[in-house]
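Chemist: Structure: query_36.cif, mmCIF, C-alpha atoms.
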```cif
data_my_file
#
loop_
_atom_site.label_atom_id
_atom_site.label_comp_id
_atom_site.auth_asym_id
_atom_site.auth_seq_id
_atom_site.Cartn_x
_atom_site.Cartn_y
_atom_site.Cartn_z
CA MET M 1 7.86 19.00 25.88
CA THR M 2 5.43 21.87 25.88
CA PHE M 3 1.86 22.40 24.82
CA GLY M 4 3.22 24.17 21.75
CA SER M 5 5.25 21.20 20.56
CA ILE M 6 2.24 18.89 20.97
CA MET M 7 0.09 21.29 18.95
CA SER M 8 2.70 21.49 16.22
CA ILE M 9 2.87 17.67 15.97
CA LEU M 10 -0.92 17.62 15.79
CA ILE M 11 -1.16 20.09 12.91
CA MET M 12 1.87 18.69 11.08
CA SER M 13 0.65 15.08 11.09
CA MET M 14 -3.02 15.78 10.48
CA LEU M 15 -2.88 18.35 7.70
CA ILE M 16 0.56 19.38 6.44
CA ASN M 17 2.14 15.91 6.14
CA ASN M 18 -1.20 14.21 5.54
CA VAL M 19 -0.57 10.49 5.78
CA VAL M 20 -2.33 9.58 2.53
CA LEU M 21 -1.99 12.62 0.34
CA SER M 22 1.59 13.58 1.01
CA GLN M 23 3.26 10.51 2.53
CA PHE M 24 1.37 7.86 0.53
CA LEU M 25 0.79 5.51 3.44
CA GLY M 26 -2.45 3.57 3.55
CA ILE M 27 -3.23 4.13 -0.13
CA CYS M 28 -4.82 0.68 -0.49
CA PRO M 29 -7.79 1.24 1.86
CA PHE M 30 -7.91 4.86 0.71
CA LEU M 31 -8.66 3.73 -2.84
CA GLY M 32 -10.46 0.51 -1.93
CA VAL M 33 -12.91 1.43 0.84
CA SER M 34 -13.84 4.93 -0.33
CA LYS M 35 -16.93 4.14 -2.37
CA LYS M 36 -19.51 5.28 0.14
CA VAL M 37 -19.29 7.88 2.89
CA ASP M 38 -20.57 5.61 5.67
CA THR M 39 -18.11 2.77 4.96
CA ALA M 40 -15.34 5.36 4.63
CA SER M 41 -16.13 6.94 7.98
CA GLY M 42 -16.32 3.48 9.60
CA MET M 43 -12.87 2.70 8.24
CA GLY M 44 -11.60 6.09 9.43
CA GLY M 45 -12.93 5.43 12.93
CA ALA M 46 -11.37 1.98 13.10
CA VAL M 47 -8.02 3.34 11.91
CA ILE M 48 -8.04 6.09 14.57
CA PHE M 49 -8.79 3.47 17.21
CA VAL M 50 -6.11 0.98 16.13
CA ILE M 51 -3.33 3.49 15.39
CA GLY M 52 -3.94 5.18 18.75
CA ILE M 53 -3.51 1.93 20.67
CA ALA M 54 -0.70 0.63 18.43
CA SER M 55 1.43 3.73 18.83
CA ALA M 56 1.01 3.67 22.61
CA ILE M 57 1.95 -0.02 22.91
CA ALA M 58 4.81 0.21 20.42
CA ALA M 59 6.23 3.22 22.27
CA LEU M 60 6.22 1.25 25.52
CA ILE M 61 7.78 -1.85 23.93
CA TYR M 62 10.46 0.26 22.29
CA LYS M 63 11.33 2.12 25.47
CA PHE M 64 11.28 -0.76 27.93
CA ILE M 65 12.29 -3.79 25.86
CA LEU M 66 13.98 -3.01 22.55
CA LEU M 67 16.10 -0.05 23.63
CA PRO M 68 17.50 -1.38 26.97
CA PHE M 69 18.46 -4.74 25.43
CA GLY M 70 19.98 -3.26 22.26
CA LEU M 71 17.46 -4.98 19.99
CA THR M 72 16.51 -1.97 17.91
CA TYR M 73 17.44 -3.78 14.69
CA LEU M 74 14.42 -6.02 15.27
CA ASN M 75 12.07 -3.00 15.05
CA THR M 76 10.29 -4.04 11.88
CA ILE M 77 9.64 -7.65 12.85
CA VAL M 78 8.53 -6.83 16.39
CA PHE M 79 6.24 -3.98 15.41
CA ILE M 80 4.44 -5.82 12.62
CA LEU M 81 3.82 -8.81 14.89
CA VAL M 82 2.63 -6.54 17.69
CA ILE M 83 0.24 -4.80 15.31
CA ALA M 84 -1.12 -8.10 13.92
CA ALA M 85 -1.63 -9.52 17.40
CA LEU M 86 -3.06 -6.27 18.69
CA VAL M 87 -5.71 -6.13 15.98
CA GLN M 88 -6.80 -9.68 16.78
CA PHE M 89 -6.84 -8.92 20.48
CA VAL M 90 -8.78 -5.68 20.10
CA GLU M 91 -11.32 -7.52 17.97
CA MET M 92 -11.84 -10.24 20.59
CA PHE M 93 -11.96 -7.73 23.44
CA LEU M 94 -14.54 -5.53 21.73
CA LYS M 95 -16.68 -8.51 20.79
CA LYS M 96 -16.82 -9.63 24.40
CA SER M 97 -17.11 -6.39 26.32
CA MET M 98 -18.28 -3.62 23.99
CA PRO M 99 -20.68 -5.17 21.49
CA GLY M 100 -21.95 -1.76 20.37
CA LEU M 101 -18.51 -0.54 19.33
CA TYR M 102 -17.70 -3.96 17.87
CA LYS M 103 -20.74 -3.76 15.67
CA ALA M 104 -19.65 -0.36 14.38
CA LEU M 105 -15.97 -1.19 13.79
CA GLY M 106 -16.01 -5.00 13.53
CA VAL M 107 -15.75 -5.57 9.80
CA TYR M 108 -13.02 -2.99 9.39
CA LEU M 109 -10.63 -4.29 12.02
CA PRO M 110 -9.06 -7.27 10.17
CA LEU M 111 -8.43 -5.00 7.19
CA ILE M 112 -6.13 -2.83 9.24
CA THR M 113 -3.37 -5.38 9.91
CA THR M 114 -1.94 -4.84 6.47
CA ASN M 115 -2.59 -1.10 6.37
CA CYS M 116 0.88 0.36 5.97
CA ALA M 117 -0.19 3.55 7.75
CA VAL M 118 -0.15 1.70 11.09
CA LEU M 119 3.38 0.33 10.72
CA GLY M 120 4.47 3.60 9.10
CA VAL M 121 3.33 5.75 12.04
CA VAL M 122 4.97 3.43 14.56
CA LEU M 123 8.28 3.46 12.67
CA LEU M 124 8.14 7.25 12.23
CA ASN M 125 7.57 7.68 15.97
CA VAL M 126 10.76 5.73 16.62
CA GLN M 127 12.68 7.53 13.87
CA ASN M 128 11.76 10.96 15.24
CA SER M 129 12.49 9.70 18.80
CA TYR M 130 9.13 10.88 20.12
CA ASN M 131 8.37 10.19 23.79
CA PHE M 132 5.24 8.35 24.90
CA VAL M 133 2.83 11.31 24.83
CA GLU M 134 4.20 12.64 21.55
CA SER M 135 3.90 9.16 19.97
CA VAL M 136 0.26 8.82 20.94
CA VAL M 137 -0.56 12.36 19.78
CA ASN M 138 1.27 11.76 16.50
CA GLY M 139 -0.58 8.46 16.03
CA LEU M 140 -4.00 9.93 16.69
CA ALA M 141 -3.34 13.00 14.52
CA THR M 142 -2.08 10.89 11.61
CA ALA M 143 -5.11 8.64 11.85
CA ALA M 144 -7.41 11.66 11.99
CA GLY M 145 -5.71 12.92 8.81
CA PHE M 146 -6.45 9.55 7.20
CA ALA M 147 -10.09 9.70 8.28
CA ILE M 148 -10.50 13.25 6.94
CA SER M 149 -9.09 12.44 3.53
CA ILE M 150 -10.93 9.12 3.05
CA VAL M 151 -14.28 10.72 3.96
CA ILE M 152 -13.68 13.62 1.56
CA LEU M 153 -12.74 11.21 -1.25
CA ALA M 154 -15.82 9.06 -0.58
CA GLY M 155 -18.01 12.15 -0.77
CA LEU M 156 -16.48 13.10 -4.11
CA ARG M 157 -16.87 9.57 -5.44
CA GLU M 158 -20.56 9.50 -4.50
CA LYS M 159 -21.09 12.66 -6.53
CA MET M 160 -18.92 11.36 -9.36
CA LYS M 161 -21.40 8.58 -10.03
CA TYR M 162 -23.57 11.09 -11.89
CA ASN M 163 -20.74 12.36 -14.08
CA ASN M 164 -20.04 11.26 -17.61
CA ILE M 165 -16.46 10.01 -17.43
CA PRO M 166 -14.48 8.98 -20.56
CA ARG M 167 -14.40 5.20 -20.86
CA SER M 168 -10.64 4.78 -20.37
CA PHE M 169 -10.74 6.86 -17.20
CA GLN M 170 -13.56 4.96 -15.52
CA GLY M 171 -12.66 3.14 -12.33
CA MET M 172 -9.21 3.59 -10.83
CA PRO M 173 -7.76 6.37 -13.07
CA ILE M 174 -10.46 8.94 -12.27
CA VAL M 175 -10.23 8.13 -8.54
CA MET M 176 -6.48 8.74 -8.72
CA PHE M 177 -6.97 12.03 -10.55
CA THR M 178 -9.40 13.09 -7.84
CA SER M 179 -6.87 12.15 -5.16
CA GLY M 180 -4.23 14.15 -7.04
CA LEU M 181 -6.44 17.24 -6.99
CA MET M 182 -7.07 16.67 -3.28
CA ALA M 183 -3.31 16.41 -2.77
CA ILE M 184 -2.87 19.80 -4.47
CA ALA M 185 -5.46 21.25 -2.11
CA PHE M 186 -3.67 19.77 0.90
CA CYS M 187 -0.37 21.28 -0.34
CA GLY M 188 -2.00 24.58 0.64
CA PHE M 189 -1.73 23.61 4.32
CA SER M 190 2.05 23.85 4.13
CA GLY M 191 1.51 27.58 4.67
CA LEU M 192 0.53 26.74 8.27
CA LYS M 193 4.08 25.69 9.12
CA MET B 1 2.35 -21.51 -25.06
CA MET B 2 4.98 -22.11 -22.40
CA LYS B 3 4.54 -24.86 -19.85
CA GLU B 4 2.51 -23.88 -16.82
CA GLY B 5 4.78 -23.20 -13.83
CA SER B 6 8.03 -23.20 -15.85
CA ALA B 7 10.54 -20.45 -15.12
CA GLY B 8 9.89 -18.64 -18.41
CA GLU B 9 6.12 -18.78 -18.10
CA ARG B 10 6.28 -17.40 -14.54
CA LEU B 11 8.60 -14.54 -15.55
CA PHE B 12 6.37 -13.59 -18.50
CA ASN B 13 3.30 -13.76 -16.29
CA GLY B 14 4.80 -11.41 -13.69
CA ILE B 15 6.29 -8.88 -16.07
CA ILE B 16 3.58 -8.60 -18.73
CA LYS B 17 0.39 -10.58 -18.20
CA GLU B 18 -0.28 -9.89 -14.54
CA ASN B 19 2.02 -6.94 -13.93
CA PRO B 20 1.35 -6.21 -10.26
CA THR B 21 1.42 -2.44 -10.53
CA LEU B 22 -0.26 -1.70 -13.85
CA VAL B 23 -2.64 -4.65 -14.22
CA ILE B 24 -3.59 -5.84 -10.74
CA ILE B 25 -2.99 -2.41 -9.12
CA LEU B 26 -1.26 -3.71 -6.00
CA GLY B 27 1.46 -2.13 -3.88
CA MET B 28 0.37 1.43 -4.49
CA CYS B 29 2.13 3.00 -1.51
CA PRO B 30 5.74 2.58 -2.68
CA THR B 31 4.67 3.06 -6.30
CA LEU B 32 3.41 6.55 -5.57
CA ALA B 33 5.81 7.51 -2.79
CA VAL B 34 9.32 6.79 -4.03
CA THR B 35 9.00 7.45 -7.75
CA THR B 36 10.32 11.02 -7.68
CA SER B 37 13.24 9.83 -9.83
CA ALA B 38 14.03 6.82 -12.01
CA MET B 39 16.96 5.84 -9.79
CA ASN B 40 14.72 5.67 -6.70
CA GLY B 41 12.33 3.50 -8.68
CA ILE B 42 15.08 1.03 -9.58
CA GLY B 43 16.37 0.93 -6.00
CA MET B 44 12.95 0.32 -4.50
CA GLY B 45 12.05 -2.17 -7.23
CA LEU B 46 15.19 -4.26 -6.80
CA SER B 47 14.95 -4.40 -3.02
CA THR B 48 11.31 -5.48 -3.30
CA THR B 49 12.29 -8.08 -5.91
CA VAL B 50 14.88 -9.63 -3.61
CA VAL B 51 12.40 -9.87 -0.74
CA LEU B 52 9.64 -11.17 -3.01
CA ALA B 53 11.73 -13.91 -4.65
CA LEU B 54 13.33 -15.12 -1.41
CA SER B 55 10.17 -15.03 0.69
CA ASN B 56 8.28 -16.90 -2.06
CA LEU B 57 11.06 -19.52 -2.15
CA PHE B 58 11.05 -20.05 1.61
CA ILE B 59 7.28 -20.06 1.95
CA ALA B 60 7.10 -22.68 -0.79
CA LEU B 61 9.78 -24.76 0.96
CA LEU B 62 7.91 -24.55 4.27
CA ARG B 63 4.42 -24.85 2.82
CA ASN B 64 3.85 -28.37 4.17
CA ILE B 65 5.04 -27.45 7.67
CA ILE B 66 3.14 -24.18 8.17
CA PRO B 67 -0.29 -24.93 9.71
CA ASP B 68 -3.17 -23.50 7.74
CA LYS B 69 -4.61 -21.46 10.61
CA ILE B 70 -1.52 -19.43 11.42
CA ARG B 71 -0.16 -19.10 7.89
CA ILE B 72 -0.58 -15.31 7.68
CA PRO B 73 1.53 -14.56 10.81
CA ALA B 74 4.06 -17.14 9.58
CA PHE B 75 4.25 -15.40 6.17
CA ILE B 76 4.67 -12.04 7.87
CA VAL B 77 7.58 -13.29 10.00
CA ILE B 78 9.36 -14.76 6.95
CA ILE B 79 8.81 -11.57 4.94
CA ALA B 80 9.85 -9.30 7.81
CA THR B 81 13.08 -11.28 8.25
CA PHE B 82 14.10 -10.71 4.64
CA VAL B 83 13.06 -7.07 4.78
CA THR B 84 15.24 -6.55 7.85
CA MET B 85 18.17 -8.15 6.01
CA VAL B 86 17.68 -5.95 2.95
CA ASP B 87 17.27 -2.92 5.22
CA MET B 88 20.63 -3.58 6.94
CA LEU B 89 22.46 -4.35 3.70
CA MET B 90 21.20 -1.16 2.05
CA LYS B 91 22.08 0.94 5.10
CA GLY B 92 25.61 -0.47 4.94
CA PHE B 93 26.34 -0.47 1.21
CA VAL B 94 24.17 2.21 -0.45
CA PRO B 95 23.64 4.82 2.29
CA ALA B 96 22.67 7.59 -0.16
CA LEU B 97 19.85 5.57 -1.74
CA TYR B 98 18.82 4.33 1.72
CA ALA B 99 18.44 7.91 2.93
CA GLN B 100 16.28 8.72 -0.13
CA LEU B 101 13.96 5.74 0.31
CA GLY B 102 13.86 6.13 4.09
CA ILE B 103 10.88 4.61 5.82
CA TYR B 104 9.63 2.88 2.67
CA ILE B 105 12.30 0.16 2.96
CA PRO B 106 10.96 -1.30 6.26
CA LEU B 107 7.47 -0.79 4.88
CA ILE B 108 8.16 -3.43 2.19
CA VAL B 109 6.80 -5.79 4.89
CA VAL B 110 3.28 -4.55 4.32
CA ASN B 111 3.57 -4.31 0.54
CA CYS B 112 0.48 -6.17 -0.58
CA ILE B 113 2.25 -7.71 -3.61
CA ILE B 114 4.42 -9.85 -1.33
CA LEU B 115 1.72 -11.16 1.00
CA GLY B 116 -0.56 -11.50 -2.03
CA ARG B 117 1.89 -13.75 -3.92
CA ALA B 118 2.63 -15.79 -0.80
CA GLU B 119 -1.07 -16.45 -0.31
CA ALA B 120 -2.03 -16.85 -3.96
CA TYR B 121 0.96 -18.76 -5.35
CA ALA B 122 3.86 -19.77 -3.11
CA TYR B 123 1.71 -21.54 -0.51
CA PHE B 124 0.41 -23.96 -3.14
CA ASN B 125 3.33 -24.45 -5.52
CA LYS B 126 6.82 -25.92 -5.78
CA PRO B 127 9.83 -23.87 -4.59
CA VAL B 128 11.45 -23.34 -8.01
CA SER B 129 8.37 -22.05 -9.77
CA SER B 130 7.49 -19.96 -6.70
CA PHE B 131 10.95 -18.40 -6.78
CA PHE B 132 10.54 -17.47 -10.46
CA ASP B 133 7.00 -16.25 -9.80
CA GLY B 134 8.42 -13.86 -7.18
CA LEU B 135 11.25 -12.86 -9.49
CA GLY B 136 8.85 -12.16 -12.38
CA MET B 137 6.45 -10.16 -10.21
CA GLY B 138 9.40 -8.25 -8.75
CA ILE B 139 10.83 -7.40 -12.17
CA GLY B 140 7.37 -6.36 -13.37
CA PHE B 141 7.06 -4.08 -10.36
CA THR B 142 10.58 -2.69 -10.92
CA CYS B 143 9.85 -1.92 -14.60
CA ALA B 144 6.57 -0.21 -13.78
CA ILE B 145 7.91 2.02 -11.02
CA THR B 146 11.06 2.85 -12.99
CA ILE B 147 8.89 4.03 -15.89
CA ILE B 148 6.77 6.15 -13.54
CA GLY B 149 9.92 7.53 -11.90
CA PHE B 150 11.43 8.28 -15.33
CA ILE B 151 8.37 10.24 -16.47
CA ARG B 152 8.06 12.18 -13.21
CA GLU B 153 11.78 13.02 -13.17
CA LEU B 154 11.75 14.12 -16.81
CA ILE B 155 8.72 16.40 -16.50
CA GLY B 156 9.21 17.45 -12.90
CA SER B 157 12.92 18.22 -12.80
CA GLY B 158 13.95 18.01 -16.47
CA ALA B 159 16.50 15.26 -15.94
CA ILE B 160 17.12 11.63 -16.94
CA PHE B 161 18.74 9.53 -14.19
CA GLY B 162 19.91 12.74 -12.51
CA ASN B 163 21.48 14.26 -15.66
CA PRO B 164 19.78 17.50 -16.81
CA VAL B 165 18.55 17.39 -20.42
CA GLY B 166 19.40 20.57 -22.39
CA ASN B 167 17.40 23.47 -21.01
CA MET B 168 14.56 21.23 -19.81
CA PRO B 169 15.15 22.14 -16.11
CA ASP B 170 14.05 25.72 -16.93
CA PHE B 171 10.62 24.46 -17.96
CA ALA B 172 10.29 21.82 -15.24
CA ALA B 173 6.81 21.45 -13.74
CA THR B 174 7.77 20.91 -10.11
CA ILE B 175 4.32 19.59 -9.26
CA PHE B 176 5.26 16.31 -10.93
CA VAL B 177 7.94 15.53 -8.35
CA MET B 178 5.56 16.58 -5.57
CA ALA B 179 2.79 14.37 -4.21
CA PRO B 180 -0.04 15.25 -6.67
CA GLY B 181 2.15 14.42 -9.69
CA ALA B 182 2.39 10.79 -8.59
CA PHE B 183 -1.38 10.38 -8.77
CA PHE B 184 -1.61 12.13 -12.14
CA VAL B 185 1.14 10.09 -13.83
CA LEU B 186 -0.12 6.73 -12.55
CA ALA B 187 -3.73 7.57 -13.46
CA THR B 188 -2.70 8.53 -16.97
CA ILE B 189 -0.62 5.38 -17.48
CA ILE B 190 -3.48 3.12 -16.36
CA ALA B 191 -5.94 5.04 -18.55
CA ILE B 192 -3.66 4.69 -21.60
CA ARG B 193 -3.30 0.96 -20.97
CA THR B 194 -7.09 0.59 -20.70
CA LYS B 195 -7.49 2.55 -23.95
CA ILE B 196 -5.00 0.36 -25.82
CA ILE B 197 -6.64 -2.85 -24.62
CA ASN B 198 -10.12 -1.53 -25.45
CA ASN B 199 -8.96 -0.64 -28.98
CA MET B 200 -7.35 -4.03 -29.52
CA GLU B 201 -10.48 -5.74 -28.30
CA ALA B 202 -12.65 -3.68 -30.61
CA LYS B 203 -10.41 -4.58 -33.56
CA LYS B 204 -10.19 -8.30 -32.88
CA GLY B 205 -13.71 -8.59 -31.51
CA GLU B 206 -12.56 -10.73 -28.62
CA THR B 207 -11.79 -10.24 -24.97
CA LEU B 208 -8.10 -9.82 -24.22
CA SER B 209 -8.05 -8.52 -20.69
CA VAL B 210 -9.25 -10.47 -17.71
CA LYS B 211 -12.67 -9.05 -16.99
CA HIS B 212 -13.10 -8.18 -13.36
CA THR B 213 -16.37 -7.99 -11.55
CA ASP B 214 -16.92 -5.08 -9.19
CA ARG B 215 -15.80 -7.21 -6.31
CA ASP B 216 -12.60 -8.39 -7.99
CA ALA B 217 -11.63 -4.86 -8.87
CA ASP B 218 -12.22 -3.58 -5.36
CA CYS B 219 -10.53 -6.51 -3.68
CA ALA B 220 -7.54 -6.21 -6.00
CA THR B 221 -6.69 -2.80 -4.61
CA CYS B 222 -7.15 -3.88 -1.03
CA ALA B 223 -4.19 -4.89 1.09
CA ALA B 224 -6.23 -7.25 3.21
CA ALA B 225 -7.75 -9.26 0.38
CA ALA B 226 -5.49 -12.16 1.30
CA THR B 227 -6.96 -12.38 4.77
CA CYS B 228 -10.58 -11.54 4.13
CA HIS B 229 -11.40 -13.35 0.85
CA GLY B 230 -14.03 -10.80 -0.10
CA LYS B 231 -16.12 -11.33 3.02
CA PHE B 232 -15.78 -7.67 3.92
CA TYR B 233 -16.97 -6.59 0.50
CA ASP B 234 -20.02 -8.84 0.66
CA ASN B 235 -20.89 -7.46 4.08
CA THR B 236 -20.71 -3.79 3.23
CA VAL B 237 -21.83 -3.47 -0.36
CA LYS B 238 -25.37 -4.53 -0.92
CA VAL B 239 -26.01 -4.74 -4.63
CA SER B 240 -28.63 -2.16 -5.40
CA PRO B 241 -29.28 -0.53 -8.78
CA GLU B 242 -27.18 2.52 -7.88
CA ASN B 243 -24.20 0.32 -7.01
CA LYS B 244 -24.12 -1.27 -10.43
CA GLU B 245 -21.98 1.34 -12.12
CA VAL B 246 -19.61 0.21 -14.86
CA LYS B 247 -16.07 -0.43 -13.67
CA ALA B 248 -12.94 -0.42 -15.78
#
```
Now, as a test, write the supplied structure out as structure tokens.
Modeler:
Amino acid sequence: MTFGSIMSILIMSMLINNVVLSQFLGICPFLGVSKKVDTASGMGGAVIFVIGIASAIAALIYKFILLPFGLTYLNTIVFILVIAALVQFVEMFLKKSMPGLYKALGVYLPLITTNCAVLGVVLLNVQNSYNFVESVVNGLATAAGFAISIVILAGLREKMKYNNIPRSFQGMPIVMFTSGLMAIAFCGFSGLK
Amino acid sequence: MMKEGSAGERLFNGIIKENPTLVIILGMCPTLAVTTSAMNGIGMGLSTTVVLALSNLFIALLRNIIPDKIRIPAFIVIIATFVTMVDMLMKGFVPALYAQLGIYIPLIVVNCIILGRAEAYAYFNKPVSSFFDGLGMGIGFTCAITIIGFIRELIGSGAIFGNPVGNMPDFAATIFVMAPGAFFVLATIIAIRTKIINNMEAKKGETLSVKHTDRDADCATCAAAATCHGKFYDNTVKVSPENKEVKA
């Protein structure tokens, strides 16, 4: 493990294989919570926070419990329960000891349990047999990629309010077209490989 | 009109009336991710259908035992169990398809259609009608993603179910099997459906589609709607004049 390999994971997960625009994980909050820039950035922040912790804890559980006891077939069940419990725990912990941060992230936390990006990142870490540091870096980079794309989409949607959109395309279709154009733009990053 | 809760009524409801993908816009992640070909669509659709029908059946059977407060974790455990079973079976019997669908098979756990149906239907209804509700929703999902896969495969690689059509592959627009194509095809399908319904409404002068408020439409696309019951939406969106744009 070198500095170079960490950097390459960082760039790959954040831009080239962007979690939303090229892997289609976490589409639901991407489309649902992207109406305003401030809610979108709040969601992005909460996702970075939760995915960072989840990938660290899941990496430890995988290495010290699932792998030694030959329980790797329970991956999916264990990880989803860990994520659900973790989100609850983080929420309680923040409420008690960091009220400022809780106020900023609070409403977004429960929404993240069913965000498939969290489970997706954890499963990908295992699939690519990343070690602890690589898992955490991959988690944080993926989440940062999510935050970048949701904030960009929210910005575009705020501007789109003033546009005259054909009636059939109002609502979801035009948001999806916008995301498609963003996905084309992100395809350009594959030149960084 | 068919009897409420009968097998036929539930199937019709899932496939046509409340098609999860095209009408309620749920479960977007697999819809966009695996539809690079029609075959992938069918594979993903059928595995989701199995999980959906069986988890609905078991949640309905256990609905009087599961305490109200911990129902969501209980649902997740039941769903994850079936997903793990499907995952192992597919790895063993259809390894080629399994390799294509990859990580999206275990991710069926967080498919919002499944948790959504558990919360909205199976937890309150009898096992048989819950089973058919799951089956109908699953078939509706399968049809929708197979159609999307068919269109993307035809335009993007000039083939139908993997068989090249004439000299279509020479004119294939590769972008349709890449990520952006998924957004474009789905957006167009939803727009066409809206157009058709709008036209029918204009002709008949009555409301055919279920009219959603802003909140319904936003919560429908949200994975966590089952757990938050719109509280999040009420907290973050204050209704001001600029928020009152017209939604489809």
Chemist: What separation in Å, quoted to one decimal, exists between atom CA of B:Asp133 and atom CA of B:Lys3?
Modeler: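 Between these atoms lies a distance of 13.5 Å.
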Chemist: Work out how far apart atom CA of M:Asn17 and atom CA of M:Val136 are and give it in Å to one decimal.
Modeler: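 Between these atoms lies a distance of 16.5 Å.
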Chemist: Please tell me which residues are no farther than 12 Å from (0.3, -15.1, -1.3) in the file, counting all atoms listed in the file, and write them as a VMD selection string.
Modeler: chain B and resid 52 to 53 55 to 57 59 to 60 63 71 to 72 74 to 76 79 111 to 125 130 133 to 134 137 223 to 227
Chemist: What does the PyMOL selection byres ((chain M and resi 150) around 9) select in this file, as a list in words?
Modeler: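 Applying the PyMOL selection byres ((chain M and resi 150) around 9) to the structure shown produces Val20, Pro29, Phe30, Leu31, Val33, Ser34, Val37, Ala40, Ser41, Met43, Gly44, Gly145, Phe146, Ala147, Ile148, Ser149, Val151, Ile152, Leu153, Ala154 and Gly155 of chain M.
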Chemist: Looking at all atoms listed in the file, which of B:Glu9, B:Glu18, B:Asp87, B:Glu201 is the one that sits closest to chain M?
Modeler: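 Looking at the shortest contact to chain M, the residue is B:Asp87.
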Chemist: How many Å separate atom CA of M:Ile65 from atom CA of M:Ala143?
Modeler: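 These atoms are spaced 25.6 Å apart.
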Chemist: Given all atoms listed in the file as the basis, pick out the residue of M:Ala84, M:Val133, M:Leu66, M:Val19 nearest to chain B.
Modeler: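 Of M:Ala84, M:Val133, M:Leu66, M:Val19, the one nearest chain B is M:Ala84, counting all atoms listed in the file.
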Chemist: Can you build me a table of chain M residues sitting at most 9 Å from chain B, with the closest atom pair per residue and its distance in Å to one decimal, using all atoms listed in the file, sorted by chain and residue number, as CSV?
Modeler:
```
residue,atom,partner,partner_atom,distance
M:Val20,CA,B:Cys29,CA,8.9
M:Leu21,CA,B:Ala179,CA,6.8
M:Ser22,CA,B:Ala179,CA,5.4
M:Gln23,CA,B:Ala33,CA,6.6
M:Phe24,CA,B:Cys29,CA,5.3
M:Leu25,CA,B:Cys29,CA,5.7
M:Gly26,CA,B:Cys29,CA,6.8
M:Ile27,CA,B:Cys29,CA,5.6
M:Cys28,CA,B:Cys222,CA,5.1
M:Pro29,CA,B:Cys222,CA,5.9
M:Phe30,CA,B:Cys222,CA,8.9
M:Leu31,CA,B:Thr221,CA,7.0
M:Gly32,CA,B:Cys222,CA,5.6
M:Val33,CA,B:Asp218,CA,8.0
M:Thr39,CA,B:Thr236,CA,7.3
M:Tyr73,CA,B:Thr84,CA,7.7
M:Leu74,CA,B:Thr84,CA,7.5
M:Asn75,CA,B:Thr84,CA,8.6
M:Thr76,CA,B:Pro106,CA,6.3
M:Ile77,CA,B:Ala80,CA,5.3
M:Ile80,CA,B:Ile76,CA,7.8
M:Leu81,CA,B:Pro73,CA,7.4
M:Ala84,CA,B:Pro73,CA,7.6
M:Ala85,CA,B:Pro73,CA,8.9
M:Val107,CA,B:Phe232,CA,6.2
M:Tyr108,CA,B:Phe232,CA,7.7
M:Pro110,CA,B:Ala224,CA,7.5
M:Leu111,CA,B:Ala224,CA,5.1
M:Ile112,CA,B:Ala224,CA,7.5
M:Thr113,CA,B:Ala224,CA,7.5
M:Thr114,CA,B:Val110,CA,5.7
M:Asn115,CA,B:Ala223,CA,6.7
M:Cys116,CA,B:Val110,CA,5.7
M:Leu119,CA,B:Leu107,CA,7.2
M:Gly120,CA,B:Leu107,CA,6.8
M:Leu123,CA,B:Ile103,CA,7.4
M:Leu124,CA,B:Ile103,CA,7.5
M:Gln127,CA,B:Ile103,CA,8.8
M:Lys161,CA,B:Glu245,CA,7.6
M:Arg167,CA,B:Ala248,CA,7.7
M:Ser168,CA,B:Ala191,CA,5.0
M:Phe169,CA,B:Ala191,CA,5.3
M:Gln170,CA,B:Ala248,CA,5.4
M:Gly171,CA,B:Ala248,CA,5.0
M:Met172,CA,B:Ala187,CA,7.3
M:Pro173,CA,B:Ala187,CA,4.2
M:Ile174,CA,B:Ala187,CA,7.0
M:Val175,CA,B:Ala187,CA,8.2
M:Met176,CA,B:Phe183,CA,5.4
M:Phe177,CA,B:Phe184,CA,5.6
M:Thr178,CA,B:Phe183,CA,8.5
M:Ser179,CA,B:Phe183,CA,6.8
M:Gly180,CA,B:Pro180,CA,4.3
M:Leu181,CA,B:Pro180,CA,6.7
M:Met182,CA,B:Pro180,CA,7.9
M:Ala183,CA,B:Pro180,CA,5.2
M:Ile184,CA,B:Pro180,CA,5.8
M:Cys187,CA,B:Ala179,CA,8.5
```
Chemist: Could you check the closest approach to M:Ser135 for each of M:Val82, M:Met7, M:Ala59, M:Leu192 and tell me which residue wins, using all atoms listed in the file?
Modeler: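 Closest candidate: M:Ala59.
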Chemist: For a quick check of understanding, using only C-alpha atoms, which of M:Ala46, M:Leu156, M:Leu67, M:Ala144 has the smallest distance to M:Leu10?
Modeler: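 Checking each candidate against M:Leu10, we get M:Ala144 as the closest.
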Chemist: Carefully work through the PyMOL selection byres ((chain M and resi 51-53) around 7) for this structure and note down the residues it includes, as a list of chain:residue names.
Modeler: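 Applied to this file, the PyMOL selection byres ((chain M and resi 51-53) around 7) selects M:Val47, M:Ile48, M:Phe49, M:Val50, M:Ala54, M:Ser55, M:Ala56, M:Ile57, M:Val118, M:Val136, M:Gly139, M:Leu140, M:Ala143.
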Chemist: Considering all atoms listed in the file, return as a list in words whatever protein or nucleic-acid residues lie within 9 Å of B:Phe161, sequence-local ones (same chain, fewer than 3 positions apart) excluded.
Modeler: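 My list of contacting residues is Ser37, Ala38, Met39, Phe150, Glu153, Leu154 and Pro164 of chain B.
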Chemist: Keeping C-alpha atoms, export the residues of the selection given above as a short mmCIF file (atom, residue, chain, number, x, y, z; two decimals), in the coordinates of the input.
Modeler:
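Saved result, part-v4.cif, follows:
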```cif
data_model
loop_
_atom_site.label_atom_id
_atom_site.label_comp_id
_atom_site.auth_asym_id
_atom_site.auth_seq_id
_atom_site.Cartn_x
_atom_site.Cartn_y
_atom_site.Cartn_z
CA SER B 37 13.24 9.83 -9.83
CA ALA B 38 14.03 6.82 -12.01
CA MET B 39 16.96 5.84 -9.79
CA PHE B 150 11.43 8.28 -15.33
CA GLU B 153 11.78 13.02 -13.17
CA LEU B 154 11.75 14.12 -16.81
CA PRO B 164 19.78 17.50 -16.81
#
```
